[in-house]
Structure formats: structure tokens, C-alpha cells
>>> print(open('coords.cif').read())   # mmCIF, C-alpha atoms
data_input
#
loop_
_atom_site.label_atom_id
_atom_site.label_comp_id
_atom_site.auth_asym_id
_atom_site.auth_seq_id
_atom_site.Cartn_x
_atom_site.Cartn_y
_atom_site.Cartn_z
CA MET A 1 19.44 -15.87 -15.16
CA ARG A 2 17.93 -17.34 -12.00
CA HIS A 3 14.93 -19.68 -12.05
CA GLU A 4 12.82 -17.08 -10.20
CA ASP A 5 13.25 -14.62 -13.06
CA ASN A 6 11.33 -16.92 -15.41
CA VAL A 7 8.41 -17.58 -13.05
CA PRO A 8 5.38 -15.36 -13.77
CA LEU A 9 4.14 -12.87 -11.20
CA LYS A 10 0.42 -12.18 -10.95
CA LEU A 11 -1.08 -9.49 -8.71
CA TYR A 12 -4.71 -9.64 -7.62
CA SER A 13 -5.45 -5.97 -7.21
CA TYR A 14 -8.14 -3.32 -6.91
CA TRP A 15 -7.23 0.08 -8.33
CA ARG A 16 -8.21 2.04 -5.19
CA SER A 17 -6.87 -0.44 -2.65
CA SER A 18 -3.98 1.23 -0.84
CA ALA A 19 -2.61 -2.18 0.15
CA ALA A 20 -2.50 -3.31 -3.49
CA TYR A 21 -1.09 0.11 -4.44
CA ARG A 22 1.89 -0.55 -2.11
CA VAL A 23 2.75 -3.78 -3.88
CA ARG A 24 2.36 -2.22 -7.32
CA ILE A 25 4.93 0.43 -6.32
CA ALA A 26 7.32 -2.21 -5.01
CA LEU A 27 7.03 -4.26 -8.21
CA HIS A 28 7.72 -1.23 -10.37
CA LEU A 29 10.58 0.02 -8.18
CA LYS A 30 12.23 -3.35 -8.63
CA GLY A 31 11.57 -3.36 -12.38
CA LEU A 32 9.53 -6.57 -12.32
CA ASP A 33 6.98 -7.56 -14.94
CA PHE A 34 3.65 -8.78 -13.61
CA GLU A 35 0.09 -9.43 -14.69
CA THR A 36 -2.72 -7.55 -12.94
CA ILE A 37 -5.86 -9.52 -12.12
CA PRO A 38 -8.57 -7.00 -11.08
CA VAL A 39 -10.78 -7.82 -8.08
CA HIS A 40 -13.55 -5.24 -7.71
CA LEU A 41 -14.17 -4.65 -4.01
CA VAL A 42 -17.54 -2.92 -4.47
CA ARG A 43 -19.32 -4.28 -7.55
CA ASN A 44 -21.97 -6.96 -6.91
CA GLY A 45 -21.30 -6.88 -3.19
CA GLY A 46 -17.55 -7.27 -3.68
CA GLU A 47 -15.82 -9.82 -5.90
CA GLN A 48 -13.47 -10.62 -3.02
CA HIS A 49 -16.33 -12.54 -1.40
CA SER A 50 -16.78 -14.93 -4.32
CA ASP A 51 -15.97 -18.60 -3.87
CA ALA A 52 -13.39 -18.36 -6.64
CA TYR A 53 -11.48 -15.58 -4.91
CA LEU A 54 -11.79 -17.08 -1.43
CA ALA A 55 -10.11 -20.17 -2.86
CA VAL A 56 -7.12 -17.93 -3.62
CA ASN A 57 -7.21 -15.94 -0.36
CA PRO A 58 -9.51 -17.17 2.42
CA GLN A 59 -9.27 -13.72 4.05
CA GLY A 60 -11.09 -12.21 1.10
CA LEU A 61 -8.63 -9.33 0.87
CA VAL A 62 -6.36 -7.80 -1.73
CA PRO A 63 -3.58 -7.89 -2.62
CA VAL A 64 -2.54 -11.42 -3.42
CA LEU A 65 0.67 -12.07 -5.33
CA THR A 66 1.25 -15.40 -7.00
CA HIS A 67 4.76 -16.35 -8.06
CA GLY A 68 4.33 -19.55 -9.95
CA GLN A 69 2.71 -21.91 -7.45
CA ARG A 70 3.45 -19.67 -4.46
CA VAL A 71 0.53 -17.68 -3.11
CA LEU A 72 1.47 -14.65 -1.00
CA THR A 73 -0.82 -12.36 1.00
CA GLN A 74 -0.46 -9.21 3.13
CA SER A 75 1.27 -6.25 1.49
CA LEU A 76 4.26 -5.99 3.84
CA SER A 77 5.00 -9.69 3.57
CA ILE A 78 4.73 -9.52 -0.22
CA CYS A 79 7.07 -6.53 -0.45
CA GLU A 80 9.66 -8.19 1.74
CA TYR A 81 9.38 -11.41 -0.26
CA LEU A 82 10.03 -9.48 -3.47
CA ASP A 83 13.03 -7.82 -1.86
CA GLU A 84 14.52 -11.14 -0.76
CA VAL A 85 13.88 -13.05 -3.98
CA PHE A 86 14.72 -10.23 -6.41
CA GLN A 87 17.69 -8.51 -4.82
CA ASP A 88 18.27 -5.74 -7.37
CA CYS A 89 17.01 -2.29 -6.32
CA PRO A 90 16.59 -3.15 -2.61
CA LEU A 91 13.66 -1.66 -0.73
CA LEU A 92 15.37 -1.79 2.67
CA PRO A 93 18.70 -0.46 3.99
CA ALA A 94 21.63 -2.82 4.37
CA ASP A 95 22.07 -2.42 8.14
CA PRO A 96 19.76 -4.03 10.74
CA ALA A 97 18.99 -0.77 12.58
CA GLY A 98 18.07 0.97 9.34
CA ARG A 99 15.82 -1.91 8.28
CA ALA A 100 14.09 -1.86 11.67
CA GLN A 101 13.43 1.89 11.39
CA ILE A 102 11.96 1.58 7.91
CA ARG A 103 9.82 -1.40 8.91
CA SER A 104 8.57 0.58 11.91
CA LEU A 105 7.46 3.49 9.72
CA ALA A 106 5.79 1.14 7.24
CA LEU A 107 4.03 -0.76 10.03
CA GLN A 108 2.71 2.46 11.53
CA ILE A 109 0.81 2.93 8.29
CA ALA A 110 -0.10 -0.71 7.72
CA CYS A 111 -1.13 -1.52 11.30
CA GLU A 112 -2.10 1.77 12.96
CA ILE A 113 -3.60 4.00 10.25
CA HIS A 114 -4.88 1.84 7.42
CA PRO A 115 -6.92 -0.78 9.34
CA LEU A 116 -9.09 1.92 10.93
CA ASN A 117 -9.88 3.30 7.47
CA ASN A 118 -10.36 -0.02 5.73
CA LEU A 119 -13.50 -0.52 3.61
CA ARG A 120 -14.77 -3.48 5.63
CA VAL A 121 -14.24 -1.62 8.93
CA LEU A 122 -16.13 1.42 7.66
CA THR A 123 -18.92 -0.80 6.32
CA TYR A 124 -19.31 -2.47 9.72
CA LEU A 125 -19.10 0.86 11.53
CA LYS A 126 -21.91 2.32 9.42
CA LYS A 127 -23.99 -0.82 9.87
CA GLN A 128 -23.69 -0.65 13.66
CA CYS A 129 -24.03 3.12 14.12
CA GLY A 130 -26.16 4.14 11.16
CA ASP A 131 -26.50 7.85 10.52
CA ALA A 132 -24.87 8.60 13.87
CA VAL A 133 -21.40 7.95 12.48
CA ASP A 134 -19.44 10.44 10.37
CA ALA A 135 -17.17 8.07 8.48
CA VAL A 136 -15.10 10.81 6.86
CA SER A 137 -14.35 12.49 10.19
CA TRP A 138 -13.47 9.07 11.61
CA MET A 139 -10.95 8.44 8.82
CA ARG A 140 -9.44 11.91 9.00
CA HIS A 141 -8.98 11.60 12.77
CA TRP A 142 -6.91 8.43 12.54
CA MET A 143 -4.93 9.59 9.53
CA HIS A 144 -4.07 12.88 11.26
CA ALA A 145 -2.97 10.99 14.37
CA GLY A 146 -0.72 8.71 12.35
CA PHE A 147 0.71 11.39 10.09
CA THR A 148 1.50 13.62 13.06
CA ALA A 149 3.63 10.88 14.61
CA ILE A 150 5.35 10.02 11.33
CA GLU A 151 6.09 13.68 10.57
CA LYS A 152 7.86 14.05 13.93
CA GLN A 153 9.92 10.93 13.31
CA LEU A 154 10.95 12.21 9.89
CA HIS A 155 12.11 15.47 11.46
CA ASP A 156 14.01 13.43 14.06
CA GLY A 157 15.87 11.60 11.30
CA ARG A 158 14.21 8.22 11.70
CA ARG A 159 14.34 7.32 8.04
CA ALA A 160 17.57 5.45 7.47
CA HIS A 161 17.40 5.11 3.71
CA ASP A 162 19.01 6.91 0.81
CA ASP A 163 16.73 9.92 0.24
CA ALA A 164 17.40 9.74 -3.50
CA ARG A 165 16.08 6.17 -3.75
CA PRO A 166 12.57 5.40 -2.53
CA GLY A 167 12.03 2.12 -0.74
CA LEU A 168 9.62 0.25 1.50
CA PHE A 169 8.51 3.29 3.50
CA GLU A 170 7.56 5.21 0.36
CA CYS A 171 5.64 2.16 -0.91
CA PHE A 172 3.39 2.60 2.11
CA LEU A 173 3.41 6.37 2.53
CA VAL A 174 2.32 7.40 -0.98
CA PRO A 175 -0.85 5.24 -1.01
CA GLN A 176 -1.82 6.55 2.43
CA ALA A 177 -1.35 10.12 1.21
CA TYR A 178 -3.59 9.27 -1.76
CA ASN A 179 -6.29 8.14 0.68
CA ALA A 180 -5.90 11.30 2.73
CA GLU A 181 -6.27 13.51 -0.32
CA ARG A 182 -9.27 11.52 -1.48
CA TYR A 183 -11.03 12.59 1.70
CA ALA A 184 -9.89 16.22 1.44
CA MET A 185 -7.41 16.13 4.33
CA ASP A 186 -5.13 19.13 4.67
CA LEU A 187 -1.59 17.78 4.35
CA SER A 188 0.06 21.21 4.39
CA ILE A 189 0.83 20.78 8.09
CA TYR A 190 3.06 17.79 7.22
CA PRO A 191 5.84 19.35 5.10
CA ALA A 192 8.24 16.40 5.35
CA ILE A 193 5.55 13.96 4.25
CA ARG A 194 4.44 16.25 1.43
CA GLU A 195 8.01 16.65 0.18
CA ILE A 196 8.61 12.90 0.05
CA VAL A 197 5.26 12.18 -1.61
CA GLY A 198 5.69 14.97 -4.16
CA ARG A 199 9.16 13.75 -5.12
CA CYS A 200 8.01 10.15 -5.44
CA ARG A 201 5.08 11.03 -7.67
CA GLN A 202 7.47 12.38 -10.28
CA GLN A 203 9.14 8.98 -10.67
CA GLU A 204 8.11 6.42 -13.25
CA ALA A 205 7.49 3.59 -10.78
CA PHE A 206 4.99 5.65 -8.81
CA ILE A 207 3.30 7.00 -11.94
CA ARG A 208 2.78 3.48 -13.29
CA ALA A 209 1.48 2.25 -9.92
CA ALA A 210 -0.98 5.13 -9.41
CA PRO A 211 -4.66 4.17 -9.09
CA GLU A 212 -5.76 6.20 -12.10
CA ASN A 213 -3.29 4.32 -14.32
CA GLN A 214 -4.58 0.84 -13.52
CA PRO A 215 -6.48 -1.28 -16.07
CA ASP A 216 -9.55 -1.46 -13.81
CA ALA A 217 -9.61 2.25 -12.90
CA ALA A 218 -13.17 3.56 -13.06
CA PRO A 219 -15.67 5.36 -10.84
CA ASP A 220 -17.22 3.02 -8.28
#
>>> encode(input="coords.cif", output="C-alpha cells")
Amino acid sequence: MRHEDNVPLKLYSYWRSSAAYRVRIALHLKGLDFETIPVHLVRNGGEQHSDAYLAVNPQGLVPVLTHGQRVLTQSLSICEYLDEVFQDCPLLPADPAGRAQIRSLALQIACEIHPLNNLRVLTYLKKQCGDAVDAVSWMRHWMHAGFTAIEKQLHDGRRAHDDARPGLFECFLVPQAYNAERYAMDLSIYPAIREIVGRCRQQEAFIRAAPENQPDAAPD
């Protein structure tokens, strides 16, 4: 047994955070035990703004993963760290081109879709525009734009990973699909995405990581 296997993992998480959801999936796919530390992003103005939490992550964002004394932030970085330290059940293909393709798909969600639908962005948008802004239409627009591009890439074969074994891309895709469904987006026009998401949701790792199955799950 390696030293890393005995070092506790703790995940600062919010049940509806898609970024934390990604890391939960990765942890479960790799069969790792971890402790969940809930951080409520809405209650009392948001627990992520407390001095105690800012001491953990000065960005005031979730997720944060601690591995012993190591403090890791940003979901993609955390997932790749887990893949490098715990090498069983890899999240990325073995070849460089395949890894680059999967990272590209994950980054399209993490950098192009998600930030424009993030809670703090929407809060600022509403503050600046007031009743003039339709936040739901805003979110649907950017999710549709991103999903349309990803769907085409899936049809073009740009997913160099064993279809029978979900990995990094699925860690990012399933939470984004959850967000889309939460805001009543029609995903029927994305059959490749729907097929992947539907298949993943039948697997134990994704069931355990789902928002409704988290210890802090509750209506906001």
C-alpha cells in the first residue's frame, strides 16, 4: 500500500455545484473514500464568503479537495491530480492525442459554458441589469451554444476514450446536463449527449455523486 492511500481525502462541496459534482464523480469512479464537508452557497449570504472558508480557498469557490496537508482547488486540476496520484481506473486515455481531445471537451464545459452560468456571474448580472435581464434565457443560450459544438464533435469521433468506461469528459458532461435539465432545456436535439448521460446515470459512481444523494441536499 502506498503512503497516499492512507492519507484522508476531504471534499468541500455544495450539493448543487456542478464543479463539485464533477469531482464527486471522479472520486467515485476511482473508488476513493472521502469525507464531504458541505459549504452552502446560498444560506446566510453564502458560507463560501466566511473568513473560515476563505482561509481554505481565498477564491471563495467550491470545490476544494484536501489530501492530508495538500489543498487543491479548481475541478479540472483536482480531477487530474486524483488521476496522477491514484492510477487505478484512469480518467484519461493512455495516448497524448486522446488525452488532449478529452481535455478539450472537458475544458469546453469548464471554461466556455459553466462560467457564464455560474451563480456569482448571474448574481452580478441581475444586480447590474435588474428586471431587464432574463437569467434563464441567458443560461439556456450559452448552454445550447456549447452543447451544439460538443454534439458535433461527438459525431465527428472526437472522444478518444473507451465508450464502456466513463472518464474525465463524463465527469464534466453529466453535471452540465443536470444544470440544463434544471432550467428545462430541451436536450432531445443532442442525441449523442443524451445517450452518454443516460448510460452514465445508470452506473453506481454517478448515482452516488448525484446532487440529490448528497448529505446536504435540500431545497435552497
>>> resolve_selection(input="coords.cif", expression="the PyMOL selection byres ((chain A and resi 12-18) around 9)", output="PDB file with C-alpha atoms, in the frame of the given file")
ATOM      1  CA  LYS A  10       0.420 -12.180 -10.950  1.00  0.00           C
ATOM      2  CA  LEU A  11      -1.080  -9.490  -8.710  1.00  0.00           C
ATOM      3  CA  ALA A  19      -2.610  -2.180   0.150  1.00  0.00           C
ATOM      4  CA  ALA A  20      -2.500  -3.310  -3.490  1.00  0.00           C
ATOM      5  CA  TYR A  21      -1.090   0.110  -4.440  1.00  0.00           C
ATOM      6  CA  ARG A  22       1.890  -0.550  -2.110  1.00  0.00           C
ATOM      7  CA  VAL A  23       2.750  -3.780  -3.880  1.00  0.00           C
ATOM      8  CA  ARG A  24       2.360  -2.220  -7.320  1.00  0.00           C
ATOM      9  CA  GLU A  35       0.090  -9.430 -14.690  1.00  0.00           C
ATOM     10  CA  THR A  36      -2.720  -7.550 -12.940  1.00  0.00           C
ATOM     11  CA  ILE A  37      -5.860  -9.520 -12.120  1.00  0.00           C
ATOM     12  CA  PRO A  38      -8.570  -7.000 -11.080  1.00  0.00           C
ATOM     13  CA  VAL A  39     -10.780  -7.820  -8.080  1.00  0.00           C
ATOM     14  CA  HIS A  40     -13.550  -5.240  -7.710  1.00  0.00           C
ATOM     15  CA  LEU A  41     -14.170  -4.650  -4.010  1.00  0.00           C
ATOM     16  CA  VAL A  62      -6.360  -7.800  -1.730  1.00  0.00           C
ATOM     17  CA  PRO A  63      -3.580  -7.890  -2.620  1.00  0.00           C
ATOM     18  CA  VAL A  64      -2.540 -11.420  -3.420  1.00  0.00           C
ATOM     19  CA  LEU A  65       0.670 -12.070  -5.330  1.00  0.00           C
ATOM     20  CA  THR A  66       1.250 -15.400  -7.000  1.00  0.00           C
ATOM     21  CA  HIS A 114      -4.880   1.840   7.420  1.00  0.00           C
ATOM     22  CA  PHE A 172       3.390   2.600   2.110  1.00  0.00           C
ATOM     23  CA  VAL A 174       2.320   7.400  -0.980  1.00  0.00           C
ATOM     24  CA  PRO A 175      -0.850   5.240  -1.010  1.00  0.00           C
ATOM     25  CA  GLN A 176      -1.820   6.550   2.430  1.00  0.00           C
ATOM     26  CA  TYR A 178      -3.590   9.270  -1.760  1.00  0.00           C
ATOM     27  CA  ASN A 179      -6.290   8.140   0.680  1.00  0.00           C
ATOM     28  CA  ALA A 210      -0.980   5.130  -9.410  1.00  0.00           C
ATOM     29  CA  PRO A 211      -4.660   4.170  -9.090  1.00  0.00           C
ATOM     30  CA  GLU A 212      -5.760   6.200 -12.100  1.00  0.00           C
ATOM     31  CA  ASN A 213      -3.290   4.320 -14.320  1.00  0.00           C
ATOM     32  CA  GLN A 214      -4.580   0.840 -13.520  1.00  0.00           C
ATOM     33  CA  PRO A 215      -6.480  -1.280 -16.070  1.00  0.00           C
ATOM     34  CA  ASP A 216      -9.550  -1.460 -13.810  1.00  0.00           C
ATOM     35  CA  ALA A 217      -9.610   2.250 -12.900  1.00  0.00           C
ATOM     36  CA  ALA A 218     -13.170   3.560 -13.060  1.00  0.00           C
TER      37      ALA A 218
END
>>> closest_residue(input="coords.cif", among="A:Glu47, A:Asp95, A:Glu195, A:Glu181", to="Glu151 in chain A", atoms="only C-alpha atoms")
A:Glu195
>>> atom_distance(input="coords.cif", atom1="CA of Asp33 in chain A", atom2="CA of Pro96 in chain A")
28.9 Å
>>> residues_around(input="coords.cif", residues="Leu173 in chain A", least_positions_apart="3", cutoff="8 Å", atoms="only C-alpha atoms", output="ChimeraX atom specification")
/A:106,109,169-170,176-177,197
>>> resolve_selection(input="coords.cif", expression="the PyMOL selection byres ((chain A and resi 190) around 10)", output="tab-separated table (two decimals) with C-alpha atoms, keeping the file's coordinate frame")
chain	number	residue	atom	x	y	z
A	144	HIS	CA	-4.07	12.88	11.26
A	147	PHE	CA	0.71	11.39	10.09
A	148	THR	CA	1.50	13.62	13.06
A	150	ILE	CA	5.35	10.02	11.33
A	151	GLU	CA	6.09	13.68	10.57
A	152	LYS	CA	7.86	14.05	13.93
A	186	ASP	CA	-5.13	19.13	4.67
A	187	LEU	CA	-1.59	17.78	4.35
A	188	SER	CA	0.06	21.21	4.39
A	189	ILE	CA	0.83	20.78	8.09
A	191	PRO	CA	5.84	19.35	5.10
A	192	ALA	CA	8.24	16.40	5.35
A	193	ILE	CA	5.55	13.96	4.25
A	194	ARG	CA	4.44	16.25	1.43
A	195	GLU	CA	8.01	16.65	0.18
>>> closest_residue(input="coords.cif", among="A:Val133, A:Leu168, A:Val56, A:Leu116", to="Ala26 in chain A", atoms="all atoms listed in the file")
A:Leu168
>>> residues_near_point(input="coords.cif", point="(-12.6, -12.3, -1.5)", cutoff="9 Å", atoms="only C-alpha atoms", output="mmCIF file with C-alpha atoms, in the frame of the given file")
data_model
loop_
_atom_site.group_PDB
_atom_site.id
_atom_site.type_symbol
_atom_site.label_atom_id
_atom_site.label_comp_id
_atom_site.auth_asym_id
_atom_site.auth_seq_id
_atom_site.Cartn_x
_atom_site.Cartn_y
_atom_site.Cartn_z
ATOM 1 C CA VAL A 39 -10.780 -7.820 -8.080
ATOM 2 C CA LEU A 41 -14.170 -4.650 -4.010
ATOM 3 C CA GLY A 46 -17.550 -7.270 -3.680
ATOM 4 C CA GLU A 47 -15.820 -9.820 -5.900
ATOM 5 C CA GLN A 48 -13.470 -10.620 -3.020
ATOM 6 C CA HIS A 49 -16.330 -12.540 -1.400
ATOM 7 C CA SER A 50 -16.780 -14.930 -4.320
ATOM 8 C CA ASP A 51 -15.970 -18.600 -3.870
ATOM 9 C CA ALA A 52 -13.390 -18.360 -6.640
ATOM 10 C CA TYR A 53 -11.480 -15.580 -4.910
ATOM 11 C CA LEU A 54 -11.790 -17.080 -1.430
ATOM 12 C CA ALA A 55 -10.110 -20.170 -2.860
ATOM 13 C CA VAL A 56 -7.120 -17.930 -3.620
ATOM 14 C CA ASN A 57 -7.210 -15.940 -0.360
ATOM 15 C CA PRO A 58 -9.510 -17.170 2.420
ATOM 16 C CA GLN A 59 -9.270 -13.720 4.050
ATOM 17 C CA GLY A 60 -11.090 -12.210 1.100
ATOM 18 C CA LEU A 61 -8.630 -9.330 0.870
ATOM 19 C CA VAL A 62 -6.360 -7.800 -1.730
#
>>> residues_around(input="coords.cif", residues="Gln203 in chain A", least_positions_apart="3", cutoff="12 Å", atoms="all atoms listed in the file", output="JSON, numbers by chain")
{"A": [25, 28, 29, 164, 165, 166, 170, 174, 196, 197, 198, 199, 200, 206, 207, 208, 209, 210]}
>>> resolve_selection(input="coords.cif", expression="the PyMOL selection byres ((chain A and resi 86) around 12)", output="list in words")
Met1, Arg2, His3, Glu4, Asp5, Asn6, Val7, Leu9, Ala26, Leu27, Leu29, Lys30, Gly31, Leu32, Asp33, His67, Ile78, Cys79, Glu80, Tyr81, Leu82, Asp83, Glu84, Val85, Gln87, Asp88, Cys89, Pro90 and Leu91 of chain A
>>> atom_distance(input="coords.cif", atom1="CA of Asp156 in chain A", atom2="CA of Leu92 in chain A")
19.1 Å
>>> atom_distance(input="coords.cif", atom1="CA of Ala149 in chain A", atom2="CA of Gly98 in chain A")
18.3 Å
>>> closest_residue(input="coords.cif", among="A:Ile102, A:Ala184, A:Leu122, A:Cys129", to="Leu154 in chain A", atoms="all atoms listed in the file")
A:Ile102
>>> closest_residue(input="coords.cif", among="A:Leu125, A:Val71, A:Met143, A:Ala180", to="Gln108 in chain A", atoms="only C-alpha atoms")
A:Met143
>>> closest_residue(input="coords.cif", among="A:Gly167, A:Gly157, A:Trp142, A:Ser75", to="Pro93 in chain A", atoms="only C-alpha atoms")
A:Gly167
>>> closest_residue(input="coords.cif", among="A:Asn44, A:Ala94, A:Ala100, A:Leu107", to="Leu76 in chain A", atoms="all atoms listed in the file")
A:Leu107
